>>> print(open('target.cif').read())   # mmCIF, C-alpha atoms
data_coords
#
loop_
_atom_site.label_atom_id
_atom_site.label_comp_id
_atom_site.auth_asym_id
_atom_site.auth_seq_id
_atom_site.Cartn_x
_atom_site.Cartn_y
_atom_site.Cartn_z
CA MET A 6 0.00 0.00 0.00
CA LYS A 7 1.24 3.46 -0.88
CA LYS A 8 2.28 5.69 1.99
CA HIS A 9 0.96 9.20 2.56
CA ILE A 10 2.91 12.41 3.13
CA MET A 11 2.55 15.18 5.69
CA VAL A 12 3.63 18.77 5.00
CA ALA A 13 3.70 21.78 7.32
CA GLN A 14 4.94 25.38 7.37
CA SER A 15 6.65 27.19 10.21
CA GLY A 16 8.30 30.45 11.28
CA GLY A 17 7.78 33.82 9.65
CA PRO A 18 5.81 34.04 6.39
CA THR A 19 7.12 35.03 2.97
CA ALA A 20 5.56 35.79 -0.38
CA ALA A 21 7.00 32.53 -1.77
CA ILE A 22 6.51 29.90 0.93
CA ASN A 23 3.23 28.70 -0.60
CA ALA A 24 5.10 28.06 -3.85
CA SER A 25 7.24 25.56 -1.93
CA LEU A 26 4.06 23.96 -0.58
CA ALA A 27 2.73 23.75 -4.14
CA GLY A 28 6.02 22.12 -5.15
CA VAL A 29 5.71 19.45 -2.47
CA ILE A 30 2.12 18.76 -3.56
CA ARG A 31 3.14 18.53 -7.24
CA GLY A 32 5.97 16.19 -6.37
CA ALA A 33 3.66 13.94 -4.37
CA LEU A 34 0.97 13.91 -7.06
CA ALA A 35 3.55 12.75 -9.62
CA SER A 36 4.98 10.15 -7.26
CA GLU A 37 4.63 6.41 -7.54
CA THR A 38 5.49 6.14 -3.84
CA TYR A 39 2.93 8.37 -2.14
CA ASP A 40 -0.84 8.67 -2.25
CA LYS A 41 -2.64 11.13 0.03
CA ILE A 42 -1.20 14.50 1.02
CA TYR A 43 -1.98 15.89 4.44
CA GLY A 44 -1.25 19.40 5.62
CA ALA A 45 -0.65 20.04 9.32
CA ILE A 46 -2.30 23.23 10.58
CA HIS A 47 0.05 25.61 12.41
CA GLY A 48 3.24 23.66 11.89
CA ILE A 49 4.38 20.92 14.24
CA SER A 50 1.71 21.98 16.73
CA GLY A 51 -0.85 20.78 14.19
CA VAL A 52 0.65 17.30 14.40
CA LEU A 53 0.58 17.40 18.19
CA ASN A 54 -3.04 18.60 18.16
CA GLU A 55 -4.02 16.37 15.22
CA GLN A 56 -5.28 19.24 13.10
CA PHE A 57 -4.94 18.34 9.43
CA LEU A 58 -6.17 19.21 5.95
CA GLU A 59 -6.42 16.65 3.17
CA LEU A 60 -4.78 18.43 0.23
CA SER A 61 -4.49 15.76 -2.47
CA GLU A 62 -8.16 15.62 -3.47
CA ARG A 63 -8.40 19.39 -3.72
CA ALA A 64 -5.22 19.54 -5.81
CA ARG A 65 -6.55 16.85 -8.16
CA THR A 66 -10.05 18.29 -8.63
CA GLU A 67 -9.63 22.09 -8.51
CA GLU A 68 -8.16 23.21 -11.81
CA ARG A 69 -6.36 26.33 -10.57
CA PHE A 70 -5.73 25.36 -6.96
CA LEU A 71 -1.95 24.93 -7.23
CA GLU A 72 -1.56 27.99 -9.44
CA CYS A 73 -3.49 30.18 -7.00
CA LEU A 74 -1.66 28.65 -4.03
CA GLU A 75 1.70 29.41 -5.60
CA LEU A 76 0.82 33.09 -6.09
CA SER A 77 -0.68 33.64 -2.62
CA PRO A 78 1.55 35.19 0.06
CA ALA A 79 2.04 34.07 3.67
CA MET A 80 1.20 30.54 4.80
CA PHE A 81 -1.77 28.56 3.55
CA LEU A 82 -1.36 26.03 6.37
CA GLY A 83 -0.59 28.56 9.10
CA SER A 84 2.52 28.73 11.22
CA CYS A 85 3.97 28.30 14.68
CA ARG A 86 7.11 29.16 16.60
CA ILE A 87 7.84 26.12 18.75
CA LYS A 88 11.29 25.14 19.98
CA MET A 89 11.26 21.36 20.13
CA PRO A 90 13.03 19.76 23.12
CA ASP A 91 15.98 17.42 22.86
CA PRO A 92 14.63 13.95 21.91
CA MET A 93 16.58 12.27 24.69
CA GLU A 94 15.32 14.69 27.34
CA ASN A 95 11.67 14.56 26.32
CA PRO A 96 11.03 11.41 24.27
CA GLU A 97 7.29 11.45 25.03
CA ILE A 98 6.56 14.29 22.62
CA TYR A 99 8.36 12.51 19.78
CA ASP A 100 6.62 9.25 20.57
CA GLN A 101 3.31 11.10 20.30
CA ILE A 102 4.30 12.57 16.92
CA PHE A 103 5.45 9.22 15.52
CA ARG A 104 2.30 7.43 16.70
CA THR A 105 0.10 10.06 15.06
CA LEU A 106 2.03 9.96 11.77
CA GLU A 107 2.12 6.16 11.71
CA LYS A 108 -1.61 6.01 12.45
CA MET A 109 -2.11 8.10 9.30
CA HIS A 110 0.27 5.90 7.27
CA VAL A 111 2.65 8.82 6.71
CA GLY A 112 5.89 7.78 5.06
CA ALA A 113 7.53 11.20 4.78
CA PHE A 114 7.19 14.51 6.60
CA PHE A 115 8.16 17.82 4.94
CA TYR A 116 8.73 20.99 6.97
CA ILE A 117 8.97 24.31 5.13
CA GLY A 118 10.69 26.97 7.17
CA GLY A 119 13.80 28.77 8.34
CA ASN A 120 16.49 28.11 10.91
CA ASP A 121 14.25 27.06 13.81
CA SER A 122 12.23 24.85 11.47
CA MET A 123 15.40 23.11 10.28
CA ASP A 124 16.25 22.52 13.95
CA THR A 125 12.86 20.82 14.34
CA VAL A 126 13.42 18.60 11.30
CA THR A 127 16.89 17.70 12.57
CA LYS A 128 15.50 16.59 15.94
CA LEU A 129 12.65 14.66 14.33
CA SER A 130 15.05 12.85 12.03
CA GLN A 131 17.43 12.02 14.88
CA ALA A 132 14.56 10.85 17.07
CA ALA A 133 13.19 8.63 14.28
CA LYS A 134 16.54 6.86 14.01
CA ALA A 135 16.86 6.52 17.78
CA PHE A 136 13.31 5.25 18.29
CA GLY A 137 13.22 2.94 15.28
CA SER A 138 10.67 4.88 13.21
CA HIS A 139 10.88 4.48 9.43
CA ILE A 140 9.29 7.87 8.69
CA LEU A 141 11.51 10.13 6.56
CA PHE A 142 11.98 13.80 7.46
CA ALA A 143 12.94 16.56 5.04
CA GLY A 144 13.37 20.32 5.28
CA VAL A 145 12.44 22.80 2.56
CA PRO A 146 14.08 26.21 3.15
CA LYS A 147 12.47 29.62 3.35
CA THR A 148 13.28 32.94 4.98
CA ILE A 149 13.37 36.48 3.71
CA ASP A 150 16.41 36.99 5.97
CA ASN A 151 18.49 34.82 3.61
CA ASP A 152 20.67 33.67 6.51
CA LEU A 153 20.56 29.87 6.15
CA ILE A 154 23.94 28.29 5.39
CA HIS A 155 24.70 25.63 2.75
CA THR A 156 22.38 27.24 0.21
CA ASP A 157 23.19 30.10 -2.13
CA HIS A 158 20.00 31.87 -1.07
CA THR A 159 16.61 31.09 0.44
CA PRO A 160 13.11 31.18 -1.07
CA GLY A 161 11.30 34.37 -0.09
CA TYR A 162 14.41 36.51 -0.18
CA GLY A 163 14.18 37.34 -3.89
CA SER A 164 10.59 38.54 -3.63
CA ALA A 165 11.30 40.58 -0.49
CA ALA A 166 14.38 42.09 -2.16
CA LYS A 167 12.27 43.00 -5.20
CA PHE A 168 9.70 44.75 -2.99
CA ILE A 169 12.41 46.63 -1.09
CA ALA A 170 14.20 47.81 -4.23
CA SER A 171 10.93 48.88 -5.87
CA SER A 172 9.83 50.72 -2.73
CA MET A 173 13.18 52.49 -2.49
CA LEU A 174 12.88 53.68 -6.09
CA GLU A 175 9.39 55.03 -5.42
CA ILE A 176 10.59 56.70 -2.21
CA ALA A 177 13.37 58.33 -4.23
CA HIS A 178 10.81 59.78 -6.64
CA ASP A 179 8.85 61.12 -3.68
CA THR A 180 11.88 62.87 -2.20
CA TYR A 181 12.77 64.64 -5.45
CA ILE A 182 9.64 66.81 -5.56
CA TYR A 183 10.80 69.48 -3.06
CA ASP A 184 13.74 71.82 -3.53
CA ILE A 185 14.70 71.83 0.14
CA PRO A 186 17.28 69.79 2.08
CA CYS A 187 15.73 66.62 3.52
CA VAL A 188 16.78 63.21 4.81
CA THR A 189 14.65 60.07 4.52
CA ILE A 190 15.60 57.04 6.62
CA VAL A 191 14.16 53.65 5.61
CA GLU A 192 14.28 50.89 8.22
CA ILE A 193 14.45 47.41 6.72
CA MET A 194 14.14 43.99 8.39
CA GLY A 195 17.32 42.20 9.36
CA ARG A 196 18.14 41.87 13.04
CA ASP A 197 21.36 39.93 12.56
CA ALA A 198 22.12 39.94 8.82
CA GLY A 199 21.95 42.70 6.22
CA TRP A 200 20.86 40.78 3.12
CA LEU A 201 17.51 42.54 2.86
CA THR A 202 18.88 46.04 3.40
CA SER A 203 21.53 45.39 0.76
CA ALA A 204 18.75 44.99 -1.82
CA ALA A 205 17.94 48.70 -1.45
CA ALA A 206 20.97 49.41 -3.67
CA LEU A 207 19.14 47.85 -6.64
CA ALA A 208 17.00 51.01 -6.78
CA ARG A 209 19.95 52.95 -8.23
CA ASN A 210 19.75 53.53 -11.96
CA GLU A 211 20.85 55.99 -14.65
CA TYR A 212 19.03 58.91 -13.00
CA ASN A 213 18.76 57.84 -9.36
CA ARG A 214 21.67 57.33 -6.94
CA THR A 215 19.64 56.80 -3.78
CA PRO A 216 19.93 55.35 -1.26
CA GLN A 217 23.24 57.13 -0.85
CA LEU A 218 23.95 55.39 2.47
CA ILE A 219 23.38 51.77 3.54
CA TYR A 220 24.12 50.42 7.02
CA LEU A 221 24.15 46.70 7.86
CA PRO A 222 24.48 44.78 11.17
CA GLU A 223 27.73 43.18 10.00
CA VAL A 224 29.66 46.44 10.53
CA PRO A 225 29.69 48.38 13.85
CA PHE A 226 27.62 51.56 13.64
CA HIS A 227 29.12 54.86 14.87
CA ARG A 228 26.70 57.73 15.43
CA SER A 229 29.25 60.47 14.90
CA GLN A 230 30.38 58.93 11.62
CA PHE A 231 26.74 58.56 10.56
CA VAL A 232 26.19 62.30 11.06
CA GLU A 233 29.32 63.08 9.06
CA ASP A 234 28.19 60.72 6.28
CA VAL A 235 24.84 62.50 6.05
CA LYS A 236 26.50 65.94 6.04
CA ARG A 237 28.78 64.89 3.22
CA GLU A 238 25.90 63.58 1.10
CA LEU A 239 23.85 66.74 1.72
CA LYS A 240 26.63 68.73 0.05
CA LYS A 241 26.10 66.64 -3.09
CA SER A 242 22.30 66.49 -3.04
CA LYS A 243 19.42 68.13 -1.21
CA ASN A 244 17.69 64.77 -0.96
CA VAL A 245 19.48 62.05 1.02
CA VAL A 246 17.97 58.60 1.49
CA VAL A 247 19.40 56.16 4.03
CA ALA A 248 18.70 52.41 4.12
CA VAL A 249 19.33 50.85 7.51
CA SER A 250 18.93 47.34 8.95
CA GLU A 251 16.79 47.13 12.08
CA GLY A 252 19.62 45.29 13.84
CA ILE A 253 22.54 47.71 13.47
CA ARG A 254 24.77 47.68 16.55
CA ASP A 255 27.62 49.68 18.02
CA GLU A 256 31.17 48.40 18.49
CA LYS A 257 30.10 46.66 21.72
CA GLY A 258 27.33 44.75 19.96
CA ILE A 259 24.52 46.76 21.55
CA TYR A 260 21.54 47.47 19.29
CA ILE A 261 21.32 51.14 18.39
CA SER A 262 17.55 51.04 18.90
CA ALA A 263 18.09 49.97 22.51
CA LYS A 264 20.42 52.84 23.38
CA GLU A 265 18.16 55.75 22.55
CA ALA A 266 14.67 56.18 23.93
CA VAL A 267 12.14 58.97 23.47
CA ALA A 268 10.29 60.29 26.52
CA ASP A 269 6.52 60.68 26.32
CA LYS A 270 4.66 63.63 27.87
CA PHE A 271 4.79 61.93 31.26
CA GLY A 272 8.55 61.52 31.10
CA HIS A 273 8.42 57.76 30.53
CA LYS A 274 11.12 56.40 28.22
CA GLN A 275 9.79 54.52 25.19
CA LEU A 276 12.04 52.43 22.99
CA SER A 277 11.79 53.27 19.30
CA GLY A 278 12.76 51.46 16.14
CA VAL A 279 16.19 52.20 14.73
CA GLY A 280 14.72 54.37 11.96
CA LYS A 281 13.12 56.65 14.53
CA VAL A 282 16.36 56.74 16.54
CA LEU A 283 18.34 57.90 13.50
CA GLU A 284 15.61 60.38 12.63
CA ASN A 285 15.98 61.96 16.07
CA ILE A 286 19.77 62.09 15.71
CA VAL A 287 19.54 63.92 12.38
CA LYS A 288 16.96 66.35 13.75
CA ARG A 289 19.07 67.12 16.77
CA GLU A 290 22.39 67.45 14.93
CA LEU A 291 21.43 68.95 11.57
CA HIS A 292 18.11 70.75 12.18
CA ILE A 293 16.64 69.88 8.77
CA LYS A 294 13.56 68.11 7.48
CA VAL A 295 13.82 64.37 8.19
CA ARG A 296 11.42 61.47 8.25
CA SER A 297 11.74 57.75 8.91
CA ILE A 298 9.87 54.91 7.23
CA GLU A 299 9.58 51.32 8.46
CA LEU A 300 8.73 48.83 5.73
CA ASN A 301 7.89 46.24 8.39
CA ILE A 302 5.83 43.17 7.39
CA LEU A 303 5.14 44.58 3.92
CA GLN A 304 8.52 43.11 2.98
CA ARG A 305 7.24 39.59 3.44
CA CYS A 306 3.58 39.76 2.42
CA ALA A 307 3.65 41.75 -0.84
CA GLY A 308 2.24 39.05 -3.08
CA HIS A 309 1.49 41.53 -5.88
CA ILE A 310 5.17 42.13 -6.63
CA THR A 311 6.86 38.75 -6.27
CA SER A 312 9.89 37.57 -8.19
CA ALA A 313 9.06 34.94 -10.81
CA GLN A 314 12.52 33.41 -10.30
CA ASP A 315 11.90 33.20 -6.55
CA LEU A 316 8.60 31.37 -6.98
CA LYS A 317 10.08 29.01 -9.58
CA GLU A 318 12.95 28.00 -7.32
CA SER A 319 10.66 27.69 -4.30
CA SER A 320 8.48 25.19 -6.14
CA GLU A 321 11.50 23.26 -7.42
CA LEU A 322 12.91 22.93 -3.90
CA GLY A 323 9.61 21.40 -2.74
CA GLU A 324 9.44 18.97 -5.64
CA MET A 325 13.05 17.89 -5.15
CA ALA A 326 12.40 17.17 -1.47
CA VAL A 327 9.74 14.62 -2.48
CA LYS A 328 12.05 13.00 -5.06
CA LEU A 329 14.84 12.62 -2.52
CA THR A 330 12.57 10.89 0.00
CA GLU A 331 11.47 8.51 -2.76
CA GLU A 332 15.15 7.51 -2.85
CA GLY A 333 15.02 6.85 0.89
CA LYS A 334 16.83 10.03 1.93
CA THR A 335 16.07 11.61 5.30
CA GLY A 336 17.54 14.30 7.56
CA PHE A 337 18.26 16.72 4.73
CA MET A 338 17.26 20.15 3.46
CA THR A 339 16.97 20.91 -0.23
CA SER A 340 19.28 23.73 -1.24
CA ILE A 341 20.45 25.84 -4.17
CA ARG A 342 23.96 25.84 -5.61
CA ARG A 343 24.75 28.76 -7.90
CA ILE A 344 26.72 27.77 -10.98
CA SER A 345 27.07 31.21 -12.59
CA ASP A 346 25.82 34.80 -12.35
CA THR A 347 25.67 35.70 -16.06
CA PRO A 348 23.82 33.85 -17.35
CA TYR A 349 22.26 32.88 -14.06
CA ARG A 350 22.45 29.11 -13.64
CA TYR A 351 21.90 26.93 -10.58
CA GLU A 352 21.10 23.41 -9.44
CA ILE A 353 18.85 22.00 -6.70
CA ARG A 354 20.59 19.55 -4.38
CA GLN A 355 20.50 18.34 -0.79
CA ALA A 356 22.39 19.49 2.31
CA GLU A 357 22.74 17.69 5.64
CA LEU A 358 20.54 19.27 8.30
CA THR A 359 23.06 18.71 11.08
CA GLU A 360 25.34 21.20 9.29
CA ILE A 361 22.59 23.84 8.93
CA ALA A 362 20.39 24.10 12.01
CA ASN A 363 21.18 26.87 14.50
CA LYS A 364 23.83 28.45 12.28
CA GLU A 365 23.53 31.77 10.44
CA ARG A 366 25.18 33.31 7.40
CA ASP A 367 26.20 36.97 7.41
CA VAL A 368 26.80 39.25 4.47
CA PRO A 369 30.50 38.77 3.53
CA ARG A 370 32.57 41.71 4.75
CA GLU A 371 34.12 42.08 1.30
CA TRP A 372 30.63 42.80 -0.10
CA ILE A 373 30.46 45.90 2.12
CA ASN A 374 32.58 48.96 1.32
CA ASP A 375 35.54 49.94 3.49
CA ALA A 376 33.61 52.81 5.11
CA GLY A 377 30.82 50.42 6.17
CA ASN A 378 28.10 52.61 4.67
CA ASP A 379 27.38 50.92 1.33
CA VAL A 380 27.52 47.60 -0.52
CA THR A 381 29.74 46.61 -3.42
CA GLU A 382 29.02 45.61 -6.99
CA GLU A 383 29.63 41.98 -5.98
CA MET A 384 26.55 42.17 -3.76
CA LEU A 385 24.45 43.55 -6.60
CA ARG A 386 25.62 40.80 -8.98
CA TYR A 387 24.50 38.31 -6.35
CA ILE A 388 21.01 39.80 -5.88
CA ARG A 389 20.01 40.80 -9.44
CA PRO A 390 19.09 37.30 -10.74
CA LEU A 391 16.98 36.62 -7.66
CA VAL A 392 14.52 39.47 -8.29
CA ALA A 393 14.08 38.71 -11.97
CA GLY A 394 10.75 38.11 -13.69
CA GLU A 395 7.16 39.09 -13.02
CA THR A 396 4.36 36.78 -11.94
CA LYS A 397 0.87 36.74 -13.44
CA THR A 398 -1.21 37.74 -10.45
CA GLU A 399 -4.97 37.55 -10.99
CA TRP A 400 -6.90 40.74 -10.24
CA LYS A 401 -10.54 41.36 -9.34
CA ASP A 402 -12.19 44.73 -8.73
CA GLY A 403 -8.76 46.32 -8.78
CA LEU A 404 -7.26 44.04 -6.10
CA PRO A 405 -5.09 40.91 -6.28
CA VAL A 406 -6.86 37.57 -5.85
CA TYR A 407 -5.34 35.23 -3.28
CA LEU A 408 -6.34 31.80 -2.02
CA PRO A 409 -8.40 32.03 1.20
CA VAL A 410 -6.74 30.63 4.30
CA PRO A 411 -8.72 27.41 4.97
CA HIS A 412 -8.39 27.15 8.74
CA LEU A 413 -9.69 30.63 9.55
CA ASN A 414 -13.27 31.68 10.03
CA HIS A 415 -14.17 34.13 7.31
CA PRO A 416 -17.01 36.69 7.42
CA GLY A 417 -20.25 35.25 6.11
CA GLU A 418 -19.36 31.64 6.88
#
>>> encode(input="target.cif", output="structure tokens")
Amino acid sequence: MKKHIMVAQSGGPTAAINASLAGVIRGALASETYDKIYGAIHGISGVLNEQFLELSERARTEERFLECLELSPAMFLGSCRIKMPDPMENPEIYDQIFRTLEKMHVGAFFYIGGNDSMDTVTKLSQAAKAFGSHILFAGVPKTIDNDLIHTDHTPGYGSAAKFIASSMLEIAHDTYIYDIPCVTIVEIMGRDAGWLTSAAALARNEYNRTPQLIYLPEVPFHRSQFVEDVKRELKKSKNVVVAVSEGIRDEKGIYISAKEAVADKFGHKQLSGVGKVLENIVKRELHIKVRSIELNILQRCAGHITSAQDLKESSELGEMAVKLTEEGKTGFMTSIRRISDTPYRYEIRQAELTEIANKERDVPREWINDAGNDVTEEMLRYIRPLVAGETKTEWKDGLPVYLPVPHLNHPGE
């Protein structure tokens, strides 16, 4: 009898994670090994709570289901942020998971997520070997932070980078309309790595040189040097745009956003985001017009401006995960190896999870300029292929059409 598969999503959402889910479903539908496809609601907690969706029948009978799923942002199956215990310290929870999966005749479990999710898959795979379970466990990568090791880049990053670069270009157009000195500070996600903020440099073209300054967490941030950098750029242009990672830190490793607080009318100190902190510094030191913008979750949920290349690779990573389990592989994550930049060529392969979980990849120091306030052409060559191509989003009444989230209660139901 054919085995079934279980798939789940975990961690923070992206605009491409559902494309990986669609890839897993496509791979299973084409498989001679697997039959039914179950989706666990809210990640591994869905397995523990036995909350599942049967996805195979819907994928076989609804003509545009996979296409719509692939183009919908965030997580169709929902998410969770659960740190699984060590299998040897708490074997009961793993025994519960294996009994549930075996009861449902699951032969392979696929977890789509970032670093914490890969930690979960690692522990599940190790526990399966220790406890004698024959269930196979595979990780499919995603994270807009792009900080997983042993893969050239992660699904979700390309689409987020495309949104950031497009937003920066539009912000640049907005700043040009007034003939007065002004500074615009754009805060971009990235607590520990500056991959997303680096994408802001893609906005530069033949008529636009903003953002003139880019600050990443990989290089210590000095307030006095920041002020001097802004002064220097104001001598060249009345409109200065700064891209800054939310996680920039000083030479002691302390987050800049934690060192400066704004007092409310009662005198209570309130921590601000780093963009607001830098806004206050510029106001205090330069006494000119300044504003700060936080792109926030828009970076990861902008389904209307996804990268076609990102969605293509996301789907391929999901499909390859299924193929590898058909070969009996377990305890791996599918990954991307870049072969060349121009033309852009790559291959999908596998990486051992024990070498990936709980490790992070920073932006290489050589891809940041000597002054620590910009990125190099090497960085741009790396990012450009990942934002390429436009997707064919369906529109209705002027708005994009996305697949409804199945486990939520919707108005009118």
>>> residues_around(input="target.cif", residues="region 282-292 of chain A", least_positions_apart="2", cutoff="7 Å", atoms="only C-alpha atoms", output="ChimeraX atom specification")
/A:190,232,262,265,277-280,295-297
>>> resolve_selection(input="target.cif", expression="the PyMOL selection byres ((chain A and resi 343) around 9)", output="list in words")
Thr156, Asp157, His158, Ile341, Arg342, Ile344, Ser345, Asp346, Tyr349, Arg350, Tyr351 and Glu352 of chain A
>>> resolve_selection(input="target.cif", expression="the PyMOL selection byres ((chain A and resi 111-123) around 6)", output="PyMOL selection string")
chain A and resi 8-16+106-107+109-110+124-126+140-148+362
>>> closest_residue(input="target.cif", among="A:Leu207, A:Ala376, A:Ile98, A:Ile169", to="Gln230 (chain A)", atoms="all atoms listed in the file")
A:Ala376
>>> atom_distance(input="target.cif", atom1="CA of Val52 (chain A)", atom2="CA of Gly17 (chain A)")
18.6 Å
>>> atom_distance(input="target.cif", atom1="CA of Thr359 (chain A)", atom2="CA of Ala33 (chain A)")
25.3 Å
>>> closest_atom_pairs(input="target.cif", of="region 154-222 of chain A", to="region 384-387 of chain A", cutoff="9 Å", atoms="only C-alpha atoms", output="Markdown table")
| residue | atom | partner | partner_atom | distance |
| --- | --- | --- | --- | --- |
| A:Ser203 | CA | A:Met384 | CA | 7.5 |
| A:Ala204 | CA | A:Leu385 | CA | 7.6 |
| A:Ala206 | CA | A:Leu385 | CA | 7.4 |
| A:Leu207 | CA | A:Leu385 | CA | 6.8 |
>>> atom_distance(input="target.cif", atom1="CA of Ser250 (chain A)", atom2="CA of Val191 (chain A)")
8.6 Å
>>> resolve_selection(input="target.cif", expression="the PyMOL selection byres ((chain A and resi 325-327) around 9)", output="list in words")
Gly28, Val29, Ile30, Gly32, Ala33, Ser36, Ala113, Phe115, Ala143, Gly144, Val145, Ser320, Glu321, Leu322, Gly323, Glu324, Lys328, Leu329, Thr330, Glu331, Glu332, Phe337, Met338, Thr339, Ile353, Arg354 and Gln355 of chain A
>>> closest_residue(input="target.cif", among="A:Ala45, A:Ala177, A:Val392, A:Met194", to="Glu318 (chain A)", atoms="all atoms listed in the file")
A:Val392
>>> residues_around(input="target.cif", residues="Lys243 (chain A)", least_positions_apart="2", cutoff="12 Å", atoms="all atoms listed in the file", output="tab-separated table (two decimals) with C-alpha atoms, keeping the file's coordinate frame")
chain	number	residue	atom	x	y	z
A	177	ALA	CA	13.37	58.33	-4.23
A	180	THR	CA	11.88	62.87	-2.20
A	181	TYR	CA	12.77	64.64	-5.45
A	182	ILE	CA	9.64	66.81	-5.56
A	183	TYR	CA	10.80	69.48	-3.06
A	184	ASP	CA	13.74	71.82	-3.53
A	185	ILE	CA	14.70	71.83	0.14
A	186	PRO	CA	17.28	69.79	2.08
A	187	CYS	CA	15.73	66.62	3.52
A	188	VAL	CA	16.78	63.21	4.81
A	189	THR	CA	14.65	60.07	4.52
A	215	THR	CA	19.64	56.80	-3.78
A	217	GLN	CA	23.24	57.13	-0.85
A	235	VAL	CA	24.84	62.50	6.05
A	236	LYS	CA	26.50	65.94	6.04
A	237	ARG	CA	28.78	64.89	3.22
A	238	GLU	CA	25.90	63.58	1.10
A	239	LEU	CA	23.85	66.74	1.72
A	240	LYS	CA	26.63	68.73	0.05
A	241	LYS	CA	26.10	66.64	-3.09
A	245	VAL	CA	19.48	62.05	1.02
A	246	VAL	CA	17.97	58.60	1.49
A	293	ILE	CA	16.64	69.88	8.77
A	294	LYS	CA	13.56	68.11	7.48
A	295	VAL	CA	13.82	64.37	8.19
>>> closest_residue(input="target.cif", among="A:Ala79, A:Tyr220, A:Ala198, A:Glu192", to="Ile298 (chain A)", atoms="all atoms listed in the file")
A:Glu192
>>> decode(input="target.cif", residues="region 22-35 of chain A", atoms="N, CA and C atoms", output="compact mmCIF listing (two decimals), in the first residue's frame")
# COMPACT_ATOMS: atom_id res chain seq x y z
N ILE A 22 6.53 31.17 0.21
CA ILE A 22 6.51 29.90 0.93
C ILE A 22 5.39 28.98 0.42
N ASN A 23 4.29 29.55 -0.06
CA ASN A 23 3.23 28.70 -0.60
C ASN A 23 3.63 28.07 -1.93
N ALA A 24 4.59 28.67 -2.62
CA ALA A 24 5.10 28.06 -3.85
C ALA A 24 5.86 26.78 -3.51
N SER A 25 6.57 26.78 -2.37
CA SER A 25 7.24 25.56 -1.93
C SER A 25 6.22 24.49 -1.55
N LEU A 26 5.14 24.90 -0.90
CA LEU A 26 4.06 23.96 -0.58
C LEU A 26 3.47 23.39 -1.86
N ALA A 27 3.24 24.23 -2.86
CA ALA A 27 2.73 23.75 -4.14
C ALA A 27 3.71 22.77 -4.78
N GLY A 28 5.02 23.02 -4.61
CA GLY A 28 6.02 22.12 -5.15
C GLY A 28 5.98 20.75 -4.49
N VAL A 29 5.83 20.72 -3.18
CA VAL A 29 5.71 19.45 -2.47
C VAL A 29 4.47 18.70 -2.96
N ILE A 30 3.36 19.41 -3.11
CA ILE A 30 2.12 18.76 -3.56
C ILE A 30 2.30 18.21 -4.97
N ARG A 31 2.90 19.01 -5.87
CA ARG A 31 3.14 18.53 -7.24
C ARG A 31 4.02 17.29 -7.24
N GLY A 32 5.07 17.34 -6.43
CA GLY A 32 5.97 16.19 -6.37
C GLY A 32 5.26 14.94 -5.89
N ALA A 33 4.39 15.09 -4.91
CA ALA A 33 3.66 13.94 -4.37
C ALA A 33 2.63 13.41 -5.36
N LEU A 34 1.96 14.33 -6.07
CA LEU A 34 0.97 13.91 -7.06
C LEU A 34 1.60 13.11 -8.19
N ALA A 35 2.85 13.45 -8.54
CA ALA A 35 3.55 12.75 -9.62
C ALA A 35 4.26 11.50 -9.14
